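Have a look at the structure below before the remarks.
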Amino acid sequence: MFIFPLLIHFFVTIVLKNVLVNSLEQIPYDIWVFPGILLLIAAITANAVIYRDLFDLRVHQRAFLPLTLAPFSKTQLILGFLVISAIEATFYVLVAMGVLNFFLPKTLSALDYFMILVFTPIFIFILGNILITFSLLIDRITTYLSTILVLFLIILFGSGVLVELEFYPKTISLILSNLPLSMILYSLRDIIFSNRVDWTQIFIPIFVAIIWTWFNGFLLKRKLNQ
């Protein structure tokens, strides 16, 4: 929990801030990237939790089948996986926030830190549903790991975590900026750095997360033939 944020800071933030000194809105890069780094830590934590609690148990046929026979609907089970991953990810973000705060040239307001903690579960509910879908559809560990690697490359460079999407060609930038994960990060930075609230960018990912949770419940039911 303590070492990983430090590694990201020394091997990512310190390097990129010498290349991308300021954002397009003239915000110092190490401050601009701060919310993205925290959500990246949340994403890695959520992946570990869902791999441990869902994919590993299902593929190795351990406790997963008895779990699905519990008196809960499949959507409730999926929701349980998401809630647990969101809680663990938020805790890791809270610790990383305290660690990385020492390296910021200026601290954010208490409201800004609070908003990061509010947006973290929303981000995890979207990403978690993606990971759960992969965990249910993929049966081979090597295929799963390769798919997750590609997914995290997309998150790193295609959702605004490390670089602004405006650096891409206009068509690609437009496509990437309309992805739910990008919307969440865009909305968070808009609140922190511009004091603007784009409710459309917030509610669309929430709606997608709700529909996707129901879909994963249906997928789990079909996968188990229950």
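FYI, nothing fancy with the structure tokens labels: chains A, B, ... in order, residues from 1 per chain, ligands from 1 as they appear.
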
Taking a cut-off of 12 Å and counting only C-alpha atoms, can you build a table that, for each residue of region 101-189 of chain A near region 4-13 of chain A, reports the nearest atom pair and how far apart they are in Å (one decimal), sorted by chain then residue number, as CSV?
```
residue,atom,partner,partner_atom,distance
A:Asn101,CA,A:Pro5,CA,10.5
A:Phe102,CA,A:Leu6,CA,10.5
A:Phe103,CA,A:His9,CA,8.4
A:Leu104,CA,A:His9,CA,10.3
A:Leu156,CA,A:Val12,CA,11.2
A:Val161,CA,A:Thr13,CA,11.2
A:Leu162,CA,A:Thr13,CA,8.6
A:Val163,CA,A:Thr13,CA,11.0
```

### Task
Return as number ranges by chain the full set of residues in region 17-207 of chain A whose backbone-based DSSP assignment is helix (DSSP H, G or I).
A: 29-32, 34-59, 64-68, 74-103, 110-137, 141-158, 165-167, 170-177, 180-194, 199-207

### Message
Give me the residues near Leu145 (chain A) as a list in words, where near means some atom within 12 Å (using only C-alpha atoms) and where sequence neighbours in that chain fewer than 6 positions away do not count.
### Response
Asn47, Ala48, Tyr51, Phe55, Asp56, Leu131, Phe134, Ser135, Ile138, Asp139, Leu151 and Phe152 of chain A

Which residues come within 12 Å of Val19 (chain A), counting only C-alpha atoms, excluding same-chain residues fewer than 2 positions away, as a JSON list (two decimals) with all heavy atoms, in the first residue's frame?
```
[["chain", "number", "residue", "atom", "x", "y", "z"],
["A", 12, "VAL", "N", 6.91, 7.24, -12.92],
["A", 12, "VAL", "CA", 5.94, 7.77, -13.88],
["A", 12, "VAL", "C", 5.83, 9.28, -13.76],
["A", 12, "VAL", "O", 6.15, 10.03, -14.69],
["A", 12, "VAL", "CB", 4.55, 7.13, -13.69],
["A", 12, "VAL", "CG1", 3.54, 7.74, -14.66],
["A", 12, "VAL", "CG2", 4.62, 5.62, -13.90],
["A", 13, "THR", "N", 5.39, 9.76, -12.61],
["A", 13, "THR", "CA", 5.12, 11.19, -12.45],
["A", 13, "THR", "C", 6.36, 12.03, -12.63],
["A", 13, "THR", "O", 6.35, 13.03, -13.38],
["A", 13, "THR", "CB", 4.50, 11.46, -11.07],
["A", 13, "THR", "OG1", 3.34, 10.64, -10.90],
["A", 13, "THR", "CG2", 4.10, 12.92, -10.96],
["A", 14, "ILE", "N", 7.46, 11.66, -11.96],
["A", 14, "ILE", "CA", 8.68, 12.47, -12.03],
["A", 14, "ILE", "C", 9.22, 12.52, -13.46],
["A", 14, "ILE", "O", 9.72, 13.55, -13.91],
["A", 14, "ILE", "CB", 9.74, 11.90, -11.07],
["A", 14, "ILE", "CG1", 9.34, 12.20, -9.62],
["A", 14, "ILE", "CG2", 11.12, 12.50, -11.36],
["A", 14, "ILE", "CD1", 10.34, 11.71, -8.59],
["A", 15, "VAL", "N", 9.09, 11.43, -14.19],
["A", 15, "VAL", "CA", 9.58, 11.39, -15.57],
["A", 15, "VAL", "C", 8.69, 12.21, -16.49],
["A", 15, "VAL", "O", 9.17, 13.08, -17.23],
["A", 15, "VAL", "CB", 9.67, 9.94, -16.07],
["A", 15, "VAL", "CG1", 10.05, 9.91, -17.55],
["A", 15, "VAL", "CG2", 10.68, 9.15, -15.24],
["A", 16, "LEU", "N", 7.39, 11.96, -16.44],
["A", 16, "LEU", "CA", 6.48, 12.62, -17.37],
["A", 16, "LEU", "C", 6.32, 14.11, -17.10],
["A", 16, "LEU", "O", 6.02, 14.88, -18.02],
["A", 16, "LEU", "CB", 5.11, 11.93, -17.34],
["A", 16, "LEU", "CG", 5.05, 10.54, -17.96],
["A", 16, "LEU", "CD1", 3.63, 9.97, -17.88],
["A", 16, "LEU", "CD2", 5.52, 10.56, -19.41],
["A", 17, "LYS", "N", 6.51, 14.54, -15.86],
["A", 17, "LYS", "CA", 6.36, 15.97, -15.59],
["A", 17, "LYS", "C", 7.49, 16.79, -16.22],
["A", 17, "LYS", "O", 7.37, 18.00, -16.38],
["A", 17, "LYS", "CB", 6.27, 16.23, -14.09],
["A", 17, "LYS", "CG", 7.59, 16.23, -13.35],
["A", 17, "LYS", "CD", 7.38, 16.66, -11.90],
["A", 17, "LYS", "CE", 8.71, 16.77, -11.17],
["A", 17, "LYS", "NZ", 8.53, 17.24, -9.77],
["A", 21, "VAL", "N", 5.17, 19.40, -18.99],
["A", 21, "VAL", "CA", 5.36, 20.27, -17.82],
["A", 21, "VAL", "C", 4.03, 20.73, -17.26],
["A", 21, "VAL", "O", 3.78, 20.68, -16.05],
["A", 21, "VAL", "CB", 6.24, 21.48, -18.18],
["A", 21, "VAL", "CG1", 6.44, 22.36, -16.96],
["A", 21, "VAL", "CG2", 7.57, 21.00, -18.74],
["A", 22, "ASN", "N", 3.14, 21.17, -18.16],
["A", 22, "ASN", "CA", 1.80, 21.63, -17.76],
["A", 22, "ASN", "C", 0.75, 20.95, -18.62],
["A", 22, "ASN", "O", 1.03, 20.52, -19.75],
["A", 22, "ASN", "CB", 1.68, 23.15, -17.90],
["A", 22, "ASN", "CG", 2.59, 23.90, -16.95],
["A", 22, "ASN", "OD1", 2.67, 23.56, -15.77],
["A", 22, "ASN", "ND2", 3.28, 24.91, -17.45],
["A", 23, "SER", "N", -0.46, 20.90, -18.11],
["A", 23, "SER", "CA", -1.57, 20.40, -18.92],
["A", 23, "SER", "C", -1.98, 21.48, -19.91],
["A", 23, "SER", "O", -1.44, 22.59, -19.90],
["A", 23, "SER", "CB", -2.77, 20.06, -18.01],
["A", 23, "SER", "OG", -3.33, 21.24, -17.47],
["A", 28, "PRO", "N", 0.07, 22.43, -13.45],
["A", 28, "PRO", "CA", 1.30, 21.63, -13.33],
["A", 28, "PRO", "C", 0.99, 20.13, -13.46],
["A", 28, "PRO", "O", 0.03, 19.64, -12.86],
["A", 28, "PRO", "CB", 1.81, 21.98, -11.93],
["A", 28, "PRO", "CG", 1.29, 23.36, -11.69],
["A", 28, "PRO", "CD", -0.06, 23.41, -12.35],
["A", 29, "TYR", "N", 1.81, 19.43, -14.23],
["A", 29, "TYR", "CA", 1.49, 18.05, -14.58],
["A", 29, "TYR", "C", 1.35, 17.16, -13.35],
["A", 29, "TYR", "O", 0.44, 16.33, -13.29],
["A", 29, "TYR", "CB", 2.56, 17.47, -15.50],
["A", 29, "TYR", "CG", 2.30, 16.02, -15.86],
["A", 29, "TYR", "CD1", 1.35, 15.69, -16.83],
["A", 29, "TYR", "CD2", 2.96, 14.98, -15.20],
["A", 29, "TYR", "CE1", 1.08, 14.37, -17.14],
["A", 29, "TYR", "CE2", 2.70, 13.66, -15.51],
["A", 29, "TYR", "CZ", 1.75, 13.36, -16.49],
["A", 29, "TYR", "OH", 1.48, 12.05, -16.78],
["A", 30, "ASP", "N", 2.23, 17.33, -12.36],
["A", 30, "ASP", "CA", 2.17, 16.43, -11.20],
["A", 30, "ASP", "C", 0.89, 16.63, -10.40],
["A", 30, "ASP", "O", 0.44, 15.70, -9.71],
["A", 30, "ASP", "CB", 3.40, 16.58, -10.33],
["A", 30, "ASP", "CG", 3.79, 18.01, -10.08],
["A", 30, "ASP", "OD1", 3.12, 18.90, -10.63],
["A", 30, "ASP", "OD2", 4.77, 18.25, -9.34],
["A", 162, "LEU", "N", -2.85, 9.24, -17.70],
["A", 162, "LEU", "CA", -1.50, 9.81, -17.76],
["A", 162, "LEU", "C", -1.37, 10.96, -18.74],
["A", 162, "LEU", "O", -0.58, 11.88, -18.51],
["A", 162, "LEU", "CB", -0.48, 8.73, -18.13],
["A", 162, "LEU", "CG", -0.32, 7.57, -17.13],
["A", 162, "LEU", "CD1", 0.75, 6.61, -17.62],
["A", 162, "LEU", "CD2", 0.03, 8.09, -15.75],
["A", 163, "VAL", "N", -2.10, 10.92, -19.84],
["A", 163, "VAL", "CA", -2.00, 11.98, -20.86],
["A", 163, "VAL", "C", -3.40, 12.44, -21.25],
["A", 163, "VAL", "O", -4.36, 11.68, -21.16],
["A", 163, "VAL", "CB", -1.25, 11.49, -22.12],
["A", 163, "VAL", "CG1", 0.20, 11.17, -21.78],
["A", 163, "VAL", "CG2", -1.93, 10.28, -22.73]]
```

### Query
If you measure from CA of Pro121 (chain A) to CA of Ile84 (chain A), what distance in Å do you get, rounded to one decimal?
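About the pair CA of Pro121 (chain A) and CA of Ile84 (chain A): they are 10.2 Å apart.
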
Could you make a table, as CSV, of the residues of region 121-145 of chain A that have an atom within 8 Å of an atom of region 172-192 of chain A, each with its nearest atom pair and distance in Å to one decimal, counting only C-alpha atoms, in chain and number order?
```
residue,atom,partner,partner_atom,distance
A:Ile122,CA,A:Ile184,CA,7.6
A:Phe123,CA,A:Leu181,CA,6.4
A:Ile126,CA,A:Leu181,CA,7.0
A:Leu127,CA,A:Leu181,CA,7.4
```

Please produce a file of those selected residues containing N, CA and C atoms, as an mmCIF file, in the first residue's frame.
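Generated output (selection_30.cif):
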```cif
data_model
loop_
_atom_site.group_PDB
_atom_site.id
_atom_site.type_symbol
_atom_site.label_atom_id
_atom_site.label_comp_id
_atom_site.auth_asym_id
_atom_site.auth_seq_id
_atom_site.Cartn_x
_atom_site.Cartn_y
_atom_site.Cartn_z
ATOM 1 N N ILE A 122 -17.397 4.888 -8.186
ATOM 2 C CA ILE A 122 -18.051 4.954 -9.499
ATOM 3 C C ILE A 122 -17.118 4.380 -10.567
ATOM 4 N N PHE A 123 -15.857 4.788 -10.513
ATOM 5 C CA PHE A 123 -14.853 4.293 -11.449
ATOM 6 C C PHE A 123 -14.718 2.774 -11.331
ATOM 7 N N ILE A 126 -17.581 0.659 -12.877
ATOM 8 C CA ILE A 126 -17.450 0.479 -14.327
ATOM 9 C C ILE A 126 -16.353 -0.533 -14.629
ATOM 10 N N LEU A 127 -15.156 -0.279 -14.116
ATOM 11 C CA LEU A 127 -14.027 -1.163 -14.389
ATOM 12 C C LEU A 127 -14.293 -2.565 -13.852
#
```

### Summary
Here CA of Ala42 (chain A) and CA of Phe114 (chain A) stand apart by 15.0 Å

### Query
Of the candidates A:Ala86, A:Phe193, A:Thr133, A:Ser159, which shows the shortest atom-to-atom distance to Thr120 (chain A), using only C-alpha atoms?
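Between A:Ala86, A:Phe193, A:Thr133, A:Ser159, the residue approaching Thr120 (chain A) most closely is A:Ala86.
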
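CA of Ala46 (chain A) to CA of Gly128 (chain A) spans 6.6 Å [interatomic distance, one decimal].
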
## Note on the structure
Using only C-alpha atoms, the shortest atom-to-atom distance to Lys74 (chain A) among A:Lys223, A:Pro105, A:Met97, A:Phe218 belongs to A:Phe218

#### Entry: From A:Trp212, A:Thr142, A:Ile44, A:Thr75, residue lying nearest Ala89 (chain A) [only C-alpha atoms]
A:Ile44
